[in-house]
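Visitor: Data file run-v3.cif (mmCIF, C-alpha atoms) is appended below.
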data_model
loop_
_atom_site.label_atom_id
_atom_site.label_comp_id
_atom_site.auth_asym_id
_atom_site.auth_seq_id
_atom_site.Cartn_x
_atom_site.Cartn_y
_atom_site.Cartn_z
CA MET B 19 11.54 9.98 28.68
CA THR B 20 14.13 8.18 30.76
CA ALA B 21 15.73 8.86 34.14
CA ARG B 22 18.69 10.55 32.50
CA ILE B 23 16.99 12.31 29.64
CA SER B 24 14.15 14.66 30.49
CA ARG B 25 13.66 15.93 26.99
CA TRP B 26 14.64 14.54 23.61
CA PRO B 27 16.30 16.89 21.15
CA GLY B 28 14.17 18.15 18.29
CA ILE B 29 10.88 19.95 17.97
CA GLU B 30 7.73 18.24 19.10
CA LEU B 31 4.68 18.65 16.93
CA ARG B 32 1.15 17.99 18.09
CA ALA B 33 -1.83 17.14 15.91
CA ALA B 34 -3.20 20.61 16.62
CA ASP B 35 -0.02 22.23 15.22
CA LEU B 36 -0.64 20.42 11.96
CA ILE B 37 -4.36 21.10 11.85
CA GLU B 38 -3.95 24.80 12.65
CA GLY B 39 -1.20 25.10 10.05
CA LYS B 40 1.43 26.28 12.54
CA VAL B 41 4.12 24.57 10.48
CA THR B 42 4.51 24.47 6.74
CA GLN B 43 3.33 21.18 5.34
CA THR B 44 2.30 19.29 2.26
CA ARG B 45 -0.82 17.16 2.30
CA PHE B 46 -1.46 14.46 -0.22
CA ARG B 47 -3.81 11.58 -0.89
CA PRO B 48 -2.16 9.04 -3.17
CA ASP B 49 -4.47 7.27 -5.60
CA ALA B 50 -3.29 3.84 -4.54
CA LYS B 51 -5.76 1.56 -6.32
CA TYR B 52 -5.42 -2.18 -6.21
CA ALA B 53 -7.17 -5.26 -7.50
CA TRP B 54 -6.51 -8.40 -5.50
CA SER B 55 -7.25 -11.57 -7.39
CA ALA B 56 -7.96 -14.96 -5.86
CA GLY B 57 -6.17 -16.52 -8.82
CA GLU B 58 -7.32 -19.26 -11.16
CA ALA B 59 -7.72 -22.13 -8.70
CA MET B 60 -9.25 -20.23 -5.80
CA SER B 61 -11.62 -18.35 -8.11
CA ARG B 62 -13.05 -21.64 -9.33
CA PHE B 63 -13.16 -22.91 -5.73
CA LEU B 64 -15.21 -19.88 -4.66
CA GLU B 65 -17.54 -20.19 -7.67
CA GLU B 66 -18.22 -23.81 -6.82
CA LEU B 67 -19.04 -22.89 -3.24
CA GLN B 68 -21.90 -20.88 -4.69
CA ASN B 69 -23.04 -24.13 -6.33
CA GLY B 70 -22.83 -25.89 -2.97
CA ARG B 71 -19.88 -28.15 -3.72
CA PHE B 72 -16.14 -28.47 -3.20
CA ILE B 73 -13.73 -28.70 -6.11
CA ALA B 74 -10.14 -29.95 -6.01
CA ARG B 75 -7.23 -30.37 -8.43
CA THR B 76 -5.53 -33.64 -9.18
CA CYS B 77 -1.85 -34.22 -9.83
CA HIS B 78 -1.22 -37.22 -12.11
CA LYS B 79 2.37 -37.60 -10.98
CA CYS B 80 1.94 -37.98 -7.21
CA GLU B 81 -1.72 -39.04 -7.65
CA ARG B 82 -2.87 -36.68 -4.94
CA ILE B 83 -6.14 -34.80 -4.92
CA LEU B 84 -5.25 -31.30 -3.82
CA PHE B 85 -7.69 -29.29 -1.73
CA PRO B 86 -8.01 -26.33 -1.58
CA PRO B 87 -7.27 -26.53 -5.31
CA ARG B 88 -4.06 -25.10 -6.70
CA MET B 89 -2.66 -24.91 -10.21
CA PHE B 90 0.77 -26.08 -9.12
CA CYS B 91 1.83 -29.23 -7.27
CA GLU B 92 4.20 -28.31 -4.51
CA GLU B 93 5.45 -31.91 -4.23
CA CYS B 94 6.17 -32.57 -7.91
CA PHE B 95 6.99 -29.01 -8.94
CA ARG B 96 4.72 -29.20 -11.96
CA PRO B 97 1.32 -27.86 -13.01
CA THR B 98 -1.65 -29.83 -11.73
CA ASP B 99 -3.82 -31.69 -14.21
CA GLU B 100 -7.58 -31.92 -13.69
CA TRP B 101 -10.54 -30.59 -11.76
CA THR B 102 -12.49 -33.00 -9.60
CA PHE B 103 -15.31 -32.64 -7.13
CA ILE B 104 -14.96 -33.98 -3.60
CA GLN B 105 -17.51 -34.53 -0.80
CA ASP B 106 -18.77 -32.04 1.73
CA THR B 107 -18.24 -34.51 4.56
CA GLY B 108 -15.05 -34.98 6.50
CA THR B 109 -13.23 -35.53 9.75
CA ILE B 110 -12.13 -32.99 12.36
CA GLU B 111 -8.34 -32.87 12.33
CA THR B 112 -7.91 -30.25 15.00
CA PHE B 113 -10.03 -27.65 16.73
CA SER B 114 -10.01 -24.73 19.14
CA VAL B 115 -12.55 -23.56 21.67
CA SER B 116 -12.17 -19.84 21.21
CA TYR B 117 -13.23 -17.20 23.71
CA LEU B 118 -12.19 -14.49 21.26
CA ASP B 119 -14.31 -13.46 18.30
CA THR B 120 -13.01 -12.58 14.82
CA ASP B 121 -12.09 -9.10 16.09
CA ALA B 122 -10.20 -10.65 19.04
CA LYS B 123 -12.94 -9.35 21.38
CA ARG B 124 -13.58 -11.44 24.47
CA ILE B 125 -16.82 -13.43 24.33
CA VAL B 126 -18.70 -15.43 26.95
CA GLU B 127 -20.05 -18.23 24.75
CA PRO B 128 -17.04 -19.74 22.92
CA ILE B 129 -16.99 -20.36 19.20
CA LEU B 130 -15.68 -23.66 17.89
CA VAL B 131 -13.23 -23.46 15.00
CA GLY B 132 -10.85 -25.94 13.44
CA VAL B 133 -9.65 -27.86 10.44
CA VAL B 134 -11.71 -30.49 8.63
CA SER B 135 -10.05 -32.96 6.27
CA LEU B 136 -12.55 -33.63 3.53
CA ASP B 137 -13.64 -36.97 2.10
CA GLY B 138 -12.43 -37.47 -1.47
CA ALA B 139 -9.31 -35.33 -1.09
CA SER B 140 -5.90 -36.71 -0.15
CA PRO B 141 -5.33 -37.29 3.58
CA LYS B 142 -5.07 -34.19 5.76
CA MET B 143 -6.36 -31.92 3.00
CA GLY B 144 -9.25 -29.74 3.92
CA MET B 145 -10.21 -26.38 5.25
CA MET B 146 -10.60 -24.34 8.36
CA HIS B 147 -14.13 -23.43 9.42
CA TYR B 148 -16.60 -23.05 12.26
CA PHE B 149 -18.26 -26.02 13.97
CA GLY B 150 -21.91 -25.93 14.95
CA GLU B 151 -24.72 -28.03 16.43
CA MET B 152 -22.28 -29.40 18.99
CA THR B 153 -20.99 -28.20 22.35
CA LYS B 154 -17.43 -27.65 23.45
CA GLU B 155 -17.80 -30.82 25.55
CA GLU B 156 -18.90 -32.88 22.55
CA ILE B 157 -16.33 -31.79 19.96
CA ARG B 158 -13.54 -34.34 19.38
CA ILE B 159 -10.66 -34.87 16.99
CA GLY B 160 -11.77 -37.58 14.56
CA MET B 161 -15.41 -36.53 14.71
CA ARG B 162 -17.28 -37.02 11.44
CA VAL B 163 -18.84 -33.77 10.15
CA LYS B 164 -20.77 -32.38 7.19
CA ALA B 165 -20.95 -28.88 5.74
CA GLU B 166 -24.10 -26.95 6.61
CA TRP B 167 -24.68 -24.82 3.50
CA LYS B 168 -26.58 -21.59 3.35
CA PRO B 169 -29.68 -21.65 1.10
CA PRO B 170 -28.59 -21.22 -2.58
CA GLY B 171 -30.05 -17.71 -2.79
CA ASP B 172 -27.89 -16.51 0.10
CA ARG B 173 -24.59 -17.82 -1.26
CA ARG B 174 -22.07 -15.26 -2.47
CA GLY B 175 -19.11 -17.35 -3.63
CA SER B 176 -17.52 -16.97 -0.24
CA VAL B 177 -16.21 -19.45 2.28
CA LEU B 178 -19.09 -18.21 4.45
CA ASP B 179 -21.52 -19.87 2.00
CA ILE B 180 -21.01 -22.70 4.48
CA ARG B 181 -22.44 -21.72 7.85
CA TYR B 182 -20.41 -24.33 9.74
CA PHE B 183 -19.62 -28.03 9.85
CA ARG B 184 -22.09 -30.04 11.93
CA PRO B 185 -21.96 -33.64 13.18
CA LEU B 186 -22.58 -36.16 10.38
CA ARG B 187 -25.77 -38.01 11.04
CA GLU B 188 -25.65 -41.56 9.72
CA ASP B 189 -29.37 -41.66 8.93
CA MET W 131 -2.18 -24.32 -17.80
CA THR W 132 1.56 -24.19 -17.97
CA PHE W 133 3.99 -21.75 -16.47
CA LEU W 134 4.01 -19.77 -19.69
CA ASP W 135 0.23 -19.15 -19.58
CA ARG W 136 0.62 -16.54 -16.94
CA THR W 137 -2.29 -14.41 -15.88
CA THR W 138 -1.35 -10.79 -15.60
CA ASP W 139 -4.87 -9.33 -15.32
CA ALA W 140 -6.25 -9.74 -11.83
CA ARG W 141 -9.71 -8.78 -13.09
CA LYS W 142 -10.04 -11.94 -15.17
CA PHE W 143 -10.68 -13.87 -11.98
CA ARG W 144 -12.71 -13.32 -8.85
CA HIS W 145 -11.11 -10.23 -7.40
CA TRP W 146 -11.52 -7.43 -4.92
CA GLU W 147 -10.82 -3.82 -5.78
CA GLY W 148 -9.95 -1.11 -3.35
CA ASN W 149 -8.06 2.05 -2.71
CA VAL W 150 -5.36 2.13 -0.06
CA GLU W 151 -6.01 5.05 2.25
CA ALA W 152 -2.50 6.41 2.50
CA ASP W 153 -3.14 10.09 3.18
CA TYR W 154 -0.15 11.89 4.55
CA ILE W 155 0.98 15.20 5.96
CA TYR W 156 4.61 15.93 5.24
CA THR W 157 6.20 18.63 7.37
CA SER W 158 9.17 20.59 6.11
CA GLY W 159 11.54 19.92 8.98
CA VAL W 160 13.66 22.49 10.79
CA ALA W 161 15.68 23.85 7.87
CA GLY W 162 12.80 23.39 5.41
CA GLU W 163 10.49 25.31 7.73
CA ARG W 164 12.89 28.25 7.73
CA PHE W 165 13.12 28.10 3.92
CA PHE W 166 9.36 28.03 3.31
CA VAL W 167 8.45 30.61 5.95
CA THR W 168 11.01 33.06 4.52
CA LEU W 169 9.82 32.29 1.00
CA ARG W 170 6.20 32.85 1.99
CA ASP W 171 6.62 35.94 4.18
CA GLU W 172 9.57 37.71 2.61
CA GLY W 173 9.75 36.26 -0.88
CA ARG W 174 13.40 35.29 -0.41
CA MET W 175 15.11 31.95 -0.90
CA LEU W 176 17.58 30.77 1.74
CA ALA W 177 20.45 28.34 1.66
CA SER W 178 22.03 26.92 4.81
CA ARG W 179 25.75 27.50 5.26
CA CYS W 180 28.51 25.32 6.65
CA THR W 181 31.18 27.74 7.80
CA VAL W 182 33.62 24.87 8.37
CA CYS W 183 33.43 23.48 4.84
CA LYS W 184 32.58 26.85 3.27
CA LEU W 185 29.59 25.26 1.60
CA ASP W 186 25.99 26.40 1.07
CA TYR W 187 23.08 24.00 0.70
CA LEU W 188 19.89 24.40 -1.33
CA PRO W 189 17.34 23.27 -0.31
CA PRO W 190 18.76 24.19 3.09
CA ARG W 191 19.44 21.26 5.36
CA MET W 192 20.14 21.07 9.05
CA PHE W 193 23.41 19.15 8.88
CA CYS W 194 26.46 19.39 6.66
CA GLU W 195 26.76 16.31 4.48
CA ASP W 196 30.54 16.53 4.51
CA CYS W 197 31.40 17.25 8.17
CA PHE W 198 28.06 16.48 9.92
CA ALA W 199 28.13 19.86 11.67
CA GLU W 200 24.77 21.33 12.64
CA LEU W 201 23.99 24.26 10.35
CA THR W 202 22.42 27.31 11.92
CA GLU W 203 23.53 30.01 9.51
CA PHE W 204 21.42 30.92 6.50
CA VAL W 205 22.33 33.01 3.46
CA ASP W 206 20.35 34.41 0.55
CA VAL W 207 20.38 32.46 -2.70
CA PRO W 208 21.69 34.66 -5.56
CA ARG W 209 19.02 36.16 -7.79
CA ALA W 210 20.21 34.51 -10.98
CA GLY W 211 20.58 30.78 -11.41
CA ARG W 212 21.51 28.53 -14.25
CA VAL W 213 19.42 25.83 -15.88
CA ALA W 214 21.37 22.60 -15.40
CA ALA W 215 18.92 20.28 -17.15
CA VAL W 216 15.52 20.48 -18.83
CA THR W 217 12.73 18.09 -19.67
CA VAL W 218 9.45 18.64 -21.51
CA ALA W 219 6.49 16.81 -19.97
CA HIS W 220 3.56 15.72 -22.12
CA ILE W 221 1.67 13.84 -19.41
CA ASP W 222 0.82 14.83 -15.85
CA ARG W 223 1.74 12.85 -12.74
CA THR W 224 -1.30 10.59 -13.11
CA GLY W 225 -0.39 9.76 -16.70
CA ALA W 226 -3.12 11.93 -18.29
CA LYS W 227 -2.18 13.86 -21.41
CA LEU W 228 -1.49 17.57 -20.86
CA SER W 229 -3.21 20.08 -23.14
CA HIS W 230 0.08 21.97 -23.46
CA PRO W 231 3.51 20.49 -22.86
CA GLN W 232 5.19 21.71 -19.67
CA VAL W 233 8.86 22.53 -19.34
CA TRP W 234 10.64 21.49 -16.16
CA ALA W 235 14.18 22.34 -15.16
CA PHE W 236 16.77 21.73 -12.51
CA VAL W 237 18.21 25.09 -11.57
CA THR W 238 21.54 25.50 -9.80
CA PHE W 239 23.15 28.58 -8.25
CA GLU W 240 26.78 29.49 -8.24
CA GLY W 241 28.63 28.33 -5.13
CA ILE W 242 25.64 26.40 -3.79
CA ARG W 243 25.39 22.66 -3.52
CA GLY W 244 22.05 21.34 -4.72
CA GLY W 245 19.39 23.29 -6.56
CA LEU W 246 15.69 23.42 -7.21
CA PHE W 247 13.55 21.43 -9.56
CA HIS W 248 10.67 23.49 -10.90
CA ARG W 249 8.77 24.76 -13.92
CA LEU W 250 10.73 26.62 -16.56
CA LEU W 251 8.53 29.41 -17.85
CA VAL W 252 9.59 29.36 -21.49
CA ALA W 253 8.24 27.72 -24.65
CA PRO W 254 9.42 24.12 -25.09
CA LYS W 255 11.49 25.15 -28.11
CA GLN W 256 13.42 27.68 -26.03
CA ALA W 257 14.15 25.25 -23.19
CA ARG W 258 17.83 24.46 -22.93
CA ALA W 259 20.47 23.94 -20.30
CA GLY W 260 22.65 26.96 -19.67
CA LEU W 261 19.82 29.53 -19.57
CA SER W 262 20.25 32.24 -16.98
CA VAL W 263 17.04 32.29 -14.93
CA GLN W 264 15.44 33.90 -11.90
CA VAL W 265 12.61 32.77 -9.69
CA ARG W 266 9.05 34.03 -10.22
CA LEU W 267 6.92 33.91 -7.08
CA LYS W 268 3.20 33.96 -6.55
CA PRO W 269 1.89 37.23 -5.09
CA ARG W 270 2.19 37.42 -1.26
CA ASN W 271 -1.48 36.70 -0.57
CA GLY W 272 -1.38 33.54 -2.67
CA ARG W 273 1.63 32.03 -0.92
CA THR W 274 1.04 29.21 1.59
CA GLY W 275 4.53 28.04 2.51
CA THR W 276 4.98 25.23 0.00
CA ILE W 277 7.09 24.74 -3.10
CA ALA W 278 4.05 25.88 -5.11
CA ASP W 279 4.71 29.42 -3.82
CA ILE W 280 7.22 29.46 -6.63
CA GLU W 281 5.52 29.73 -10.01
CA GLY W 282 8.67 28.75 -11.79
CA PHE W 283 11.87 30.10 -13.23
CA GLU W 284 11.93 32.68 -16.00
CA PRO W 285 14.82 34.00 -18.09
CA VAL W 286 16.70 36.85 -16.43
CA ARG W 287 15.73 40.14 -18.06
CA SER W 288 18.98 41.93 -18.67
#
Would you mind writing the file out in C-alpha cells?
Guide:
Amino acid sequence: MTARISRWPGIELRAADLIEGKVTQTRFRPDAKYAWSAGEAMSRFLEELQNGRFIARTCHKCERILFPPRMFCEECFRPTDEWTFIQDTGTIETFSVSYLDTDAKRIVEPILVGVVSLDGASPKMGMMHYFGEMTKEEIRIGMRVKAEWKPPGDRRGSVLDIRYFRPLRED
Amino acid sequence: MTFLDRTTDARKFRHWEGNVEADYIYTSGVAGERFFVTLRDEGRMLASRCTVCKLDYLPPRMFCEDCFAELTEFVDVPRAGRVAAVTVAHIDRTGAKLSHPQVWAFVTFEGIRGGLFHRLLVAPKQARAGLSVQVRLKPRNGRTGTIADIEGFEPVRS
C-alpha cells in the first residue's frame, strides 16, 4: 500500500481461501515433459570425459582447434571438420576466490574457480572449473595446471569427472 | 555433418529428461465466480448485462468490451440456444484415441454476445449447426462450481 492508497481495488484471495475451496477454481497439472539434449558435439565431449580425456573439433578454414567442441565454426560460418584430442594440462586465464558456494550460500573457506585454457586447443580456449591443491594466496593468472580426474569407476560423463585443476608438477 | 543433417531427436544424444512442474489453480474471477456459484447452487446460467450498450455477455465478464463500463447486472440466459458450430473429436486432449467419438459444439443464445463451448449430446451423425439445444446439468450433489457441472447440450424437446 502507499500513503495515498490504503486498499487496492479488487478481491484479495489468500492461500487458505483456495485450499478451503471458498472460491470456484480449476486445478490442473500439465504433463509438460521435456528432453534436453547436449547436442552432437557436447555429447561426445561428455563421453570422452568418462574416458579421462578432452576432445576438440578442428576447423580447416581458420585452422583453429575449437574447445569445447562445436559442430559449427562461429568465425567461418561453416561446419567444423574433424575430432581431435587435446591435453589435460593448461594455463589459468582468470580466476575468482569465491566466498559463495554453488547455491550462493556464504562460506568461510573460499572455493577457487576460474577458466583454464588447455594445451593443444587454440589460444584462450578452455573451460571453467574448480582449482585445488593450492591456496588463495598461491593462485595466479598464468599458473600451469593439470586436471585431477576422478577414478575411472566414479566417472559419469559429467564435467565433475574432473575433481579440479591442480598445479602442474614438472617432475 | 552439414546443415541439412539436422538432428531432431534429442534422445539420440546424451540427454536429460524431466517433467516441468507447472501445477496451477485458476480462479474464476469476479464475474466467473458469480456464474459458477449460480450454476452450482441454483442450476441457472447467468450473463452479465451492459445497460449502456444494451448488450449481454456469456460467459459473463466484469467489464463491457465496447464501453469499458463495469458490469454489475446479471440476467438469465434463455433456456434454448443454437448450435453455431460442431466438431467431432476422435482423440482426447493428450492425443490418445477415444473409444467413441465425442461431439463438441459452440452454442450461442439469442441477443447474447459470446456463447459456451461444450459437449453436444447427440450421435456424431446428428451433429449439425443450427440445432436448437438446451443445457443438461449434473445433479445438484455432483456439481462443484466448474464448467464440468454442465454435462453438455441436448436437443430441445418440443
Visitor: Closest to Lys255 (chain W) among W:Phe283, W:Arg270, W:Thr217, W:Leu188, using all atoms listed in the file?
Guide: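 Closest residue, counting all atoms listed in the file: W:Thr217.
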Visitor: Residues near Leu251 (chain W), anyone? I mean within 10 Å using all atoms listed in the file, not counting same-chain ones fewer than 5 positions away, as a list in words.
Guide: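 The neighbour list is Gln232, Val233, Trp234, Ala235, Gln256, Ala257, Val263, Val265, Arg266, Glu281, Gly282, Phe283, Glu284 and Pro285 of chain W.
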Visitor: Kindly determine which residues of chain W lie within 10 Å of chain B, considering all atoms listed in the file, and give the answer as a PyMOL selection string.
Guide: chain W and resi 131-133+137+139-160+162-167+170+224+274-277
Visitor: If we count all atoms listed in the file, what is near region 184-189 of chain B at a cut-off of 6 Å, once residues fewer than 5 positions away on the same chain are taken out, given as a PDB file with C-alpha atoms, in the coordinates of the input?
Guide:
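Output (around38.pdb):
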ATOM      1  CA  PHE B 149     -18.260 -26.020  13.970  1.00  0.00           C
ATOM      2  CA  GLY B 150     -21.910 -25.930  14.950  1.00  0.00           C
ATOM      3  CA  GLU B 151     -24.720 -28.030  16.430  1.00  0.00           C
ATOM      4  CA  ARG B 162     -17.280 -37.020  11.440  1.00  0.00           C
ATOM      5  CA  VAL B 163     -18.840 -33.770  10.150  1.00  0.00           C
ATOM      6  CA  LYS B 164     -20.770 -32.380   7.190  1.00  0.00           C
TER       7      LYS B 164
END
Visitor: Take CA of Ile242 (chain W) and CA of Leu185 (chain W) and report the distance between them in Å, one decimal.
Guide: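 Taking CA of Ile242 (chain W) as the start and CA of Leu185 (chain W) as the end point, the length is 6.8 Å.
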Visitor: Return as a ChimeraX atom specification the set of residues that the PyMOL selection byres ((chain W and resi 184) around 12) yields on the displayed structure.
Guide: /W:178-183,185-187,194,196-197,199,201,203,205,241-243
Visitor: What's the separation between CA of Gly173 (chain W) and CA of Val207 (chain W), in Å to one decimal place?
Guide: 11.4 Å
Visitor: Between B:Gly70, B:Glu38, B:Cys80, B:Arg25, which has the minimum distance to Glu166 (chain B) (counting all atoms listed in the file)?
Guide: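 Smallest separation from Glu166 (chain B) among the options: B:Gly70.
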Visitor: Set the distance at 12 Å and use all atoms listed in the file: which residues neighbour Asp222 (chain W) once local chain neighbours fewer than 3 positions away are removed? I'd like the list as a count of residues only.
Guide: 12
Visitor: Evaluate the PyMOL selection byres ((chain W and resi 260) around 10) and record the selected residues as a list in words, following the chain and residue labels used in the document.
Guide: Gly211, Arg212, Val213, Ala214, Ala215, Val216, Val237, Ala257, Arg258, Ala259, Leu261, Ser262 and Val263 of chain W
Visitor: Could you work out how far CA of Gly272 (chain W) lies from CA of Asp171 (chain W), giving the answer in Å with one decimal?
Guide: 10.8 Å
Visitor: Nearest to Glu81 (chain B) among B:Gly160, B:Gly171, B:Gly108, B:Pro141, with distances taken over only C-alpha atoms: which residue is it?
Guide: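 With only C-alpha atoms as the atom set, the closest residue is B:Pro141.
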Visitor: Residue by residue, what does the PyMOL selection byres ((chain W and resi 246) around 8) grab here? Present the result as a ChimeraX atom specification.
Guide: /W:188-189,236-238,244-245,247-248
Visitor: Which polymer residues, whether protein, DNA or RNA, lie within 10 Å of the coordinate (-18.5, -26.9, -3.5) when you count only C-alpha atoms? List them as a list in words, using the chain letters and numbers from the file.
Guide: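 Here is the list of nearby residues: Arg62, Phe63, Leu64, Glu65, Glu66, Leu67, Gln68, Asn69, Gly70, Arg71, Phe72, Ile73, Ala74, Phe103, Ile104, Gln105, Asp106, Ala165, Trp167, Gly175, Val177, Asp179 and Ile180 of chain B.
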Visitor: List the neighbours of Met152 (chain B) out to 12 Å using all atoms listed in the file; skip same-chain residues closer than 4 positions along the sequence, and give me the result as a PyMOL selection string.
Guide: chain B and resi 115+128-131+148+156-158+161-163+182-186
Visitor: Counting all atoms listed in the file, what is within 12 Å of Ser116 (chain B), bar same-chain residues fewer than 2 positions away, as a VMD selection string?
Guide: chain B and resid 113 to 114 118 to 132 148 to 149 154
